[in-house]
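Text of the file model_23.txt, holding compact mmCIF, N, CA, C and O atoms:
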# COMPACT_ATOMS: atom_id res chain seq x y z
N GLY E 1 81.80 87.36 82.47
CA GLY E 1 80.46 87.36 81.95
C GLY E 1 80.43 87.62 80.46
O GLY E 1 81.32 88.22 79.91
N SER E 2 79.35 87.22 79.79
CA SER E 2 79.17 87.42 78.37
C SER E 2 78.34 88.67 78.12
O SER E 2 77.55 89.06 78.95
N THR E 3 78.53 89.28 76.96
CA THR E 3 77.72 90.43 76.58
C THR E 3 76.63 89.95 75.66
O THR E 3 76.83 89.07 74.85
N CYS E 4 75.41 90.53 75.78
CA CYS E 4 74.29 90.09 74.97
C CYS E 4 73.30 91.21 74.77
O CYS E 4 73.37 92.23 75.43
N ASN E 5 72.37 91.03 73.87
CA ASN E 5 71.31 92.00 73.64
C ASN E 5 69.99 91.27 73.46
O ASN E 5 69.84 90.49 72.55
N SER E 6 69.00 91.53 74.35
CA SER E 6 67.63 91.04 74.21
C SER E 6 66.79 91.65 75.33
O SER E 6 67.24 92.55 76.01
N SER E 7 65.57 91.15 75.56
CA SER E 7 64.68 91.79 76.52
C SER E 7 65.08 91.51 77.98
O SER E 7 65.67 90.50 78.28
N ALA E 8 64.72 92.42 78.87
CA ALA E 8 65.22 92.43 80.24
C ALA E 8 64.50 91.47 81.18
O ALA E 8 63.31 91.28 81.08
N ALA E 9 65.25 90.89 82.10
CA ALA E 9 64.70 90.09 83.19
C ALA E 9 64.99 90.80 84.52
O ALA E 9 64.13 90.97 85.34
N ALA E 10 66.22 91.21 84.71
CA ALA E 10 66.60 91.99 85.89
C ALA E 10 67.47 93.11 85.38
O ALA E 10 68.25 92.92 84.46
N GLN E 11 67.32 94.28 85.96
CA GLN E 11 68.07 95.42 85.45
C GLN E 11 68.65 96.21 86.61
O GLN E 11 68.08 96.27 87.68
N MET E 12 69.80 96.83 86.37
CA MET E 12 70.48 97.61 87.38
C MET E 12 70.37 99.08 87.00
O MET E 12 70.70 99.45 85.88
N PHE E 13 69.87 99.92 87.89
CA PHE E 13 69.69 101.33 87.62
C PHE E 13 70.38 102.17 88.67
O PHE E 13 70.40 101.81 89.84
N PRO E 14 70.91 103.34 88.26
CA PRO E 14 71.41 104.28 89.27
C PRO E 14 70.24 104.74 90.15
O PRO E 14 69.13 104.88 89.66
N VAL E 15 70.49 104.96 91.42
CA VAL E 15 69.47 105.49 92.31
C VAL E 15 69.80 106.93 92.63
O VAL E 15 70.96 107.33 92.61
N ASN E 16 68.79 107.73 92.93
CA ASN E 16 69.01 109.15 93.18
C ASN E 16 69.56 109.42 94.57
O ASN E 16 70.32 110.35 94.78
N SER E 17 69.18 108.60 95.55
CA SER E 17 69.67 108.82 96.91
C SER E 17 70.44 107.60 97.38
O SER E 17 70.24 106.51 96.87
N LEU E 18 71.30 107.81 98.35
CA LEU E 18 72.09 106.70 98.87
C LEU E 18 71.21 105.79 99.71
O LEU E 18 70.46 106.24 100.56
N ALA E 19 71.32 104.49 99.47
CA ALA E 19 70.55 103.51 100.24
C ALA E 19 71.26 103.21 101.55
O ALA E 19 72.47 103.35 101.64
N ASN E 20 70.51 102.80 102.56
CA ASN E 20 71.12 102.39 103.82
C ASN E 20 71.88 101.09 103.59
O ASN E 20 71.34 100.16 103.02
N MET E 21 73.10 101.05 104.05
CA MET E 21 73.91 99.84 103.88
C MET E 21 73.62 98.87 105.02
O MET E 21 73.44 99.27 106.15
N ASP E 22 73.57 97.61 104.69
CA ASP E 22 73.39 96.56 105.69
C ASP E 22 74.75 96.29 106.31
O ASP E 22 75.67 95.86 105.63
N ALA E 23 74.90 96.57 107.60
CA ALA E 23 76.22 96.52 108.24
C ALA E 23 76.66 95.12 108.66
O ALA E 23 77.81 94.92 108.97
N ARG E 24 75.73 94.16 108.64
CA ARG E 24 76.14 92.83 109.12
C ARG E 24 77.09 92.17 108.12
O ARG E 24 77.09 92.45 106.94
N ASP E 25 77.89 91.26 108.62
CA ASP E 25 78.87 90.57 107.79
C ASP E 25 78.18 89.55 106.89
O ASP E 25 77.25 88.88 107.31
N HIS E 26 78.66 89.44 105.67
CA HIS E 26 78.13 88.43 104.75
C HIS E 26 79.01 87.20 104.87
O HIS E 26 80.20 87.25 104.63
N THR E 27 78.40 86.07 105.22
CA THR E 27 79.18 84.84 105.34
C THR E 27 78.91 83.94 104.15
O THR E 27 77.86 84.03 103.53
N THR E 28 79.85 83.09 103.84
CA THR E 28 79.67 82.17 102.71
C THR E 28 79.57 80.72 103.21
O THR E 28 79.60 79.81 102.41
N GLU E 29 79.44 80.54 104.52
CA GLU E 29 79.41 79.19 105.10
C GLU E 29 78.26 78.35 104.58
O GLU E 29 78.39 77.15 104.40
N ASP E 30 77.08 78.97 104.35
CA ASP E 30 75.90 78.22 103.94
C ASP E 30 75.84 77.97 102.44
O ASP E 30 74.95 77.30 101.96
N ARG E 31 76.76 78.52 101.69
CA ARG E 31 76.71 78.41 100.24
C ARG E 31 77.28 77.10 99.76
O ARG E 31 78.25 76.59 100.31
N SER E 32 76.68 76.57 98.70
CA SER E 32 77.22 75.37 98.09
C SER E 32 78.52 75.74 97.38
O SER E 32 78.80 76.91 97.13
N GLU E 33 79.30 74.74 97.03
CA GLU E 33 80.60 74.99 96.39
C GLU E 33 80.45 75.65 95.03
O GLU E 33 81.26 76.49 94.66
N PHE E 34 79.39 75.31 94.29
CA PHE E 34 79.18 75.85 92.96
C PHE E 34 77.88 76.65 92.90
O PHE E 34 76.89 76.24 93.50
N PRO E 35 77.85 77.77 92.16
CA PRO E 35 76.61 78.54 92.02
C PRO E 35 75.51 77.70 91.37
O PRO E 35 75.78 76.89 90.48
N GLU E 36 74.26 77.88 91.84
CA GLU E 36 73.15 77.09 91.33
C GLU E 36 72.38 77.78 90.21
O GLU E 36 71.63 77.14 89.50
N HIS E 37 72.53 79.10 90.08
CA HIS E 37 71.69 79.85 89.15
C HIS E 37 72.51 80.78 88.27
O HIS E 37 73.59 81.22 88.64
N VAL E 38 71.94 81.08 87.10
CA VAL E 38 72.51 82.08 86.21
C VAL E 38 71.50 83.22 86.14
O VAL E 38 70.31 82.99 85.89
N LEU E 39 71.95 84.44 86.41
CA LEU E 39 71.08 85.61 86.38
C LEU E 39 71.55 86.52 85.25
O LEU E 39 72.74 86.80 85.13
N LYS E 40 70.63 86.95 84.42
CA LYS E 40 70.93 87.86 83.31
C LYS E 40 70.63 89.27 83.79
O LYS E 40 69.48 89.58 84.12
N VAL E 41 71.67 90.12 83.87
CA VAL E 41 71.52 91.47 84.41
C VAL E 41 71.80 92.48 83.31
O VAL E 41 72.80 92.39 82.60
N TYR E 42 70.90 93.46 83.19
CA TYR E 42 71.01 94.52 82.18
C TYR E 42 71.38 95.85 82.82
O TYR E 42 70.94 96.16 83.91
N LYS E 43 72.17 96.62 82.09
CA LYS E 43 72.38 98.02 82.43
C LYS E 43 71.29 98.82 81.73
O LYS E 43 70.61 98.31 80.85
N SER E 44 71.16 100.10 82.09
CA SER E 44 70.12 100.93 81.48
C SER E 44 70.31 101.11 79.98
O SER E 44 69.37 101.42 79.27
N ASP E 45 71.52 100.88 79.45
CA ASP E 45 71.75 100.99 78.00
C ASP E 45 71.42 99.68 77.27
O ASP E 45 71.70 99.53 76.09
N GLN E 46 70.84 98.72 77.99
CA GLN E 46 70.40 97.42 77.47
C GLN E 46 71.52 96.43 77.19
O GLN E 46 71.27 95.36 76.65
N THR E 47 72.77 96.74 77.53
CA THR E 47 73.82 95.72 77.48
C THR E 47 73.59 94.82 78.70
O THR E 47 73.02 95.26 79.70
N CYS E 48 74.03 93.57 78.60
CA CYS E 48 73.77 92.67 79.72
C CYS E 48 74.93 91.71 79.95
O CYS E 48 75.79 91.55 79.09
N LYS E 49 74.92 91.12 81.12
CA LYS E 49 75.91 90.12 81.52
C LYS E 49 75.18 88.97 82.16
O LYS E 49 74.13 89.13 82.79
N TYR E 50 75.74 87.77 82.03
CA TYR E 50 75.24 86.59 82.73
C TYR E 50 76.09 86.41 83.99
O TYR E 50 77.32 86.37 83.90
N LEU E 51 75.44 86.33 85.14
CA LEU E 51 76.15 86.17 86.41
C LEU E 51 75.80 84.83 87.04
O LEU E 51 74.62 84.46 87.12
N LEU E 52 76.81 84.10 87.50
CA LEU E 52 76.59 82.87 88.25
C LEU E 52 76.39 83.24 89.71
O LEU E 52 77.25 83.89 90.31
N ILE E 53 75.25 82.84 90.28
CA ILE E 53 74.96 83.21 91.66
C ILE E 53 74.49 82.00 92.46
O ILE E 53 74.00 81.03 91.91
N HIS E 54 74.66 82.10 93.77
CA HIS E 54 74.17 81.11 94.72
C HIS E 54 72.75 81.48 95.13
O HIS E 54 72.34 82.64 95.01
N LYS E 55 72.03 80.52 95.65
CA LYS E 55 70.69 80.77 96.19
C LYS E 55 70.76 81.85 97.28
O LYS E 55 69.85 82.65 97.41
N GLU E 56 71.85 81.87 98.03
CA GLU E 56 72.00 82.80 99.16
C GLU E 56 72.53 84.17 98.75
O GLU E 56 72.68 85.05 99.60
N THR E 57 72.85 84.38 97.47
CA THR E 57 73.37 85.68 97.01
C THR E 57 72.28 86.73 97.14
O THR E 57 71.16 86.54 96.67
N SER E 58 72.61 87.86 97.78
CA SER E 58 71.63 88.93 97.98
C SER E 58 71.60 89.86 96.76
O SER E 58 72.53 89.88 95.94
N ALA E 59 70.53 90.65 96.66
CA ALA E 59 70.40 91.62 95.56
C ALA E 59 71.57 92.60 95.59
O ALA E 59 72.11 92.97 94.54
N HIS E 60 72.00 93.02 96.78
CA HIS E 60 73.13 93.94 96.89
C HIS E 60 74.42 93.30 96.37
O HIS E 60 75.22 93.95 95.69
N GLU E 61 74.62 92.02 96.68
CA GLU E 61 75.80 91.32 96.17
C GLU E 61 75.75 91.21 94.64
O GLU E 61 76.79 91.30 93.98
N VAL E 62 74.55 91.04 94.07
CA VAL E 62 74.41 91.02 92.62
C VAL E 62 74.78 92.38 92.04
O VAL E 62 75.46 92.46 91.01
N VAL E 63 74.37 93.46 92.70
CA VAL E 63 74.74 94.80 92.24
C VAL E 63 76.26 94.95 92.25
O VAL E 63 76.85 95.42 91.27
N MET E 64 76.91 94.54 93.35
CA MET E 64 78.38 94.67 93.44
C MET E 64 79.07 93.84 92.36
O MET E 64 80.01 94.31 91.72
N LEU E 65 78.61 92.61 92.13
CA LEU E 65 79.18 91.76 91.10
C LEU E 65 78.94 92.35 89.71
O LEU E 65 79.82 92.34 88.85
N SER E 66 77.73 92.89 89.50
CA SER E 66 77.40 93.51 88.22
C SER E 66 78.30 94.70 87.92
O SER E 66 78.78 94.86 86.80
N LEU E 67 78.53 95.54 88.92
CA LEU E 67 79.41 96.70 88.73
C LEU E 67 80.80 96.24 88.32
O LEU E 67 81.41 96.82 87.41
N GLN E 68 81.28 95.19 88.96
CA GLN E 68 82.59 94.63 88.62
C GLN E 68 82.60 94.11 87.19
O GLN E 68 83.51 94.40 86.42
N GLU E 69 81.58 93.35 86.80
CA GLU E 69 81.50 92.76 85.46
C GLU E 69 81.38 93.83 84.38
O GLU E 69 81.93 93.68 83.30
N PHE E 70 80.64 94.90 84.67
CA PHE E 70 80.45 95.98 83.69
C PHE E 70 81.59 97.00 83.72
O PHE E 70 81.62 97.93 82.92
N GLY E 71 82.54 96.84 84.65
CA GLY E 71 83.67 97.76 84.74
C GLY E 71 83.29 99.12 85.29
O GLY E 71 83.93 100.13 84.97
N ILE E 72 82.26 99.17 86.13
CA ILE E 72 81.80 100.44 86.72
C ILE E 72 82.49 100.62 88.07
O ILE E 72 82.45 99.72 88.90
N THR E 73 83.11 101.76 88.27
CA THR E 73 83.87 101.99 89.51
C THR E 73 83.13 102.87 90.51
O THR E 73 83.66 103.14 91.58
N GLU E 74 81.93 103.30 90.19
CA GLU E 74 81.15 104.11 91.14
C GLU E 74 80.74 103.26 92.35
O GLU E 74 80.67 102.03 92.24
N PRO E 75 80.46 103.89 93.49
CA PRO E 75 80.04 103.12 94.68
C PRO E 75 78.75 102.34 94.42
O PRO E 75 77.85 102.82 93.72
N SER E 76 78.66 101.14 95.00
CA SER E 76 77.48 100.30 94.81
C SER E 76 76.22 100.95 95.38
O SER E 76 75.11 100.63 94.96
N THR E 77 76.38 101.88 96.33
CA THR E 77 75.22 102.57 96.91
C THR E 77 74.52 103.47 95.89
O THR E 77 73.41 103.91 96.14
N ASN E 78 75.16 103.74 94.75
CA ASN E 78 74.53 104.54 93.70
C ASN E 78 73.61 103.71 92.81
O ASN E 78 72.99 104.25 91.90
N TYR E 79 73.55 102.39 93.04
CA TYR E 79 72.80 101.49 92.16
C TYR E 79 71.85 100.61 92.95
O TYR E 79 72.07 100.34 94.13
N THR E 80 70.82 100.13 92.27
CA THR E 80 69.87 99.20 92.86
C THR E 80 69.50 98.17 91.80
O THR E 80 69.60 98.42 90.61
N LEU E 81 69.08 96.99 92.24
CA LEU E 81 68.66 95.94 91.33
C LEU E 81 67.14 96.01 91.19
O LEU E 81 66.43 96.10 92.19
N CYS E 82 66.66 96.00 89.94
CA CYS E 82 65.23 96.08 89.68
C CYS E 82 64.79 94.90 88.83
O CYS E 82 65.53 94.45 87.96
N GLU E 83 63.58 94.43 89.09
CA GLU E 83 62.96 93.44 88.21
C GLU E 83 62.14 94.22 87.20
O GLU E 83 61.32 95.07 87.56
N VAL E 84 62.36 93.94 85.92
CA VAL E 84 61.64 94.62 84.85
C VAL E 84 60.88 93.58 84.04
O VAL E 84 61.48 92.60 83.59
N THR E 85 59.57 93.78 83.88
CA THR E 85 58.76 92.88 83.08
C THR E 85 58.02 93.69 82.02
O THR E 85 57.68 94.85 82.24
N VAL E 86 57.78 93.06 80.88
CA VAL E 86 57.00 93.69 79.82
C VAL E 86 55.72 92.89 79.65
O VAL E 86 55.74 91.71 79.32
N ALA E 87 54.60 93.57 79.91
CA ALA E 87 53.29 92.91 79.83
C ALA E 87 52.72 93.04 78.41
O ALA E 87 53.32 93.69 77.54
N GLU E 88 51.56 92.44 78.22
CA GLU E 88 50.88 92.51 76.93
C GLU E 88 50.65 93.97 76.54
O GLU E 88 50.35 94.81 77.38
N GLY E 89 50.86 94.28 75.29
CA GLY E 89 50.70 95.66 74.82
C GLY E 89 51.93 96.51 75.05
O GLY E 89 51.91 97.72 74.84
N GLY E 90 53.03 95.89 75.50
CA GLY E 90 54.28 96.62 75.69
C GLY E 90 54.37 97.42 76.97
O GLY E 90 55.28 98.23 77.14
N PHE E 91 53.44 97.21 77.91
CA PHE E 91 53.48 97.92 79.19
C PHE E 91 54.67 97.42 80.01
O PHE E 91 54.80 96.23 80.26
N VAL E 92 55.55 98.35 80.41
CA VAL E 92 56.75 98.00 81.16
C VAL E 92 56.52 98.24 82.65
O VAL E 92 56.10 99.32 83.05
N LYS E 93 56.78 97.21 83.45
CA LYS E 93 56.62 97.30 84.90
C LYS E 93 57.99 97.13 85.54
O LYS E 93 58.74 96.22 85.18
N GLN E 94 58.34 98.02 86.46
CA GLN E 94 59.64 97.96 87.13
C GLN E 94 59.43 97.92 88.64
O GLN E 94 58.65 98.70 89.18
N ARG E 95 60.14 96.99 89.30
CA ARG E 95 60.03 96.85 90.76
C ARG E 95 61.45 96.80 91.34
O ARG E 95 62.27 95.99 90.93
N THR E 96 61.73 97.69 92.28
CA THR E 96 63.03 97.71 92.95
C THR E 96 63.09 96.55 93.93
O THR E 96 62.17 96.35 94.72
N LEU E 97 64.20 95.79 93.87
CA LEU E 97 64.37 94.66 94.78
C LEU E 97 65.16 95.11 96.00
O LEU E 97 66.19 95.77 95.87
N PRO E 98 64.71 94.76 97.21
CA PRO E 98 65.44 95.14 98.43
C PRO E 98 66.86 94.57 98.42
O PRO E 98 67.07 93.45 97.96
N ASP E 99 67.82 95.33 98.93
CA ASP E 99 69.23 94.91 98.95
C ASP E 99 69.43 93.55 99.60
O ASP E 99 70.29 92.79 99.18
N GLN E 100 68.65 93.24 100.64
CA GLN E 100 68.86 92.00 101.38
C GLN E 100 68.11 90.81 100.79
O GLN E 100 68.24 89.69 101.28
N LEU E 101 67.32 91.01 99.71
CA LEU E 101 66.56 89.93 99.10
C LEU E 101 67.49 88.84 98.56
O LEU E 101 68.46 89.13 97.88
N LYS E 102 67.18 87.59 98.90
CA LYS E 102 67.97 86.44 98.45
C LYS E 102 67.07 85.50 97.67
O LYS E 102 65.88 85.76 97.51
N ASN E 103 67.63 84.40 97.18
CA ASN E 103 66.88 83.42 96.41
C ASN E 103 66.26 84.09 95.17
O ASN E 103 65.10 83.87 94.83
N LEU E 104 67.06 84.93 94.52
CA LEU E 104 66.57 85.78 93.44
C LEU E 104 66.00 85.02 92.26
O LEU E 104 64.99 85.41 91.69
N ALA E 105 66.63 83.93 91.87
CA ALA E 105 66.18 83.18 90.69
C ALA E 105 64.75 82.67 90.86
O ALA E 105 64.02 82.53 89.90
N GLU E 106 64.35 82.37 92.10
CA GLU E 106 63.01 81.86 92.34
C GLU E 106 62.02 82.96 92.69
O GLU E 106 60.82 82.78 92.54
N ARG E 107 62.50 84.11 93.12
CA ARG E 107 61.60 85.19 93.55
C ARG E 107 61.23 86.15 92.45
O ARG E 107 60.23 86.85 92.56
N ILE E 108 62.07 86.25 91.42
CA ILE E 108 61.71 87.14 90.32
C ILE E 108 61.34 86.30 89.12
O ILE E 108 61.77 85.18 88.97
N GLY E 109 60.51 86.84 88.27
CA GLY E 109 59.99 86.10 87.14
C GLY E 109 60.99 85.92 86.03
O GLY E 109 61.05 86.73 85.13
N LEU E 110 61.79 84.87 86.09
CA LEU E 110 62.81 84.65 85.05
C LEU E 110 62.32 83.63 84.05
O LEU E 110 61.87 82.60 84.36

I need this file expressed as structure tokens, please.
Amino acid sequence: GSTCNSSAAAQMFPVNSLANMDARDHTTEDRSEFPEHVLKVYKSDQTCKYLLIHKETSAHEVVMLSLQEFGITEPSTNYTLCEVTVAEGGFVKQRTLPDQLKNLAERIGL
């Protein structure tokens, strides 16, 4: 991934409590051979990475990939993916995305 600096689209934040892990197996059978989307993910220090993702990639998988790209070795259960938007007047709105949410490029305002 590349490093960049600008305003946030999706951001990864540490969470205070451990989230319930989804125990089912993640399969890649339904995925196309090549990722269809690029997601720009920010850490809380505003550094960011561009991640290539499939339509079927879940928010939890984005967190795991982000931790790998940012070189973070803490458990993925310590982090969550959030959509961050800045409205008129500089009002910042943050929404936590469920771990199992897929089709991220179309569901969050990119």

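Using only N, CA, C and O atoms, the smallest distance between any of E:Glu88, E:Glu83, E:Glu33, E:Asp99 and Glu61 of chain E comes from E:Asp99.
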
Taking into account only N, CA, C and O atoms, which residue in the set E:Val84, E:Val41, E:Leu104, E:Val92 is nearest to Glu56 of chain E? E:Leu104

re atom O of Phe70 of chain E and atom N of Phe91 of chain E: distance 28.6 Å

Kindly list the centre and edge lengths in Å, rounded to one decimal, for the axis-aligned box that covers all listed atoms of segment 60-66 of chain E plus 5 Å on each of its six sides, as lines of an AutoDock Vina configuration file.
center_x = 76.0
center_y = 93.2
center_z = 91.8
size_x = 18.0
size_y = 14.4
size_z = 20.1

Proximity to Cys82 of chain E - best of E:Ala59, E:Leu65, E:Cys48, E:Leu97, all atoms listed in the file: E:Leu97

Quick one: of E:Val38, E:Val63, E:Gly90, E:Lys49, who's nearest to Thr77 of chain E, counting only C-alpha atoms? E:Val63

By how many Å are atom N of Ser58 of chain E and atom C of Ala87 of chain E apart?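 For atom N of Ser58 of chain E relative to atom C of Ala87 of chain E, the distance reads 28.2 Å.
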
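Separating atom C of Tyr50 of chain E from atom C of His37 of chain E is a distance of 7.9 Å.
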
Excluding Glu36 of chain E and any residue of its chain fewer than 5 positions from it, enumerate the residues within 6 Å of it, using all atoms listed in the file, and give them as a list of chain:residue names.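 With the cut-off at 6 Å, the set is E:Ile53, E:His54, E:Lys55.
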
Which one of E:Leu51, E:Tyr42, E:Thr57, E:Thr85 sits closest to Asn103 of chain E if you count only C-alpha atoms?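 With only C-alpha atoms as the atom set, the closest residue is E:Thr57.
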
Within 7 Å of Pro98 of chain E, counting only N, CA, C and O atoms, which residues qualify if same-chain residues fewer than 3 places away don't, as a PyMOL selection string? chain E and resi 58-60+81+95+101-102

Judged by only N, CA, C and O atoms, the minimum distance to Phe34 of chain E among E:Thr73, E:Asn78, E:Leu52, E:Ser66 is found for E:Leu52

Give the strand (DSSP E or B) residues of segment 27-86 of chain E, as DSSP finds them on the backbone, and put them as a count of residues only. 20
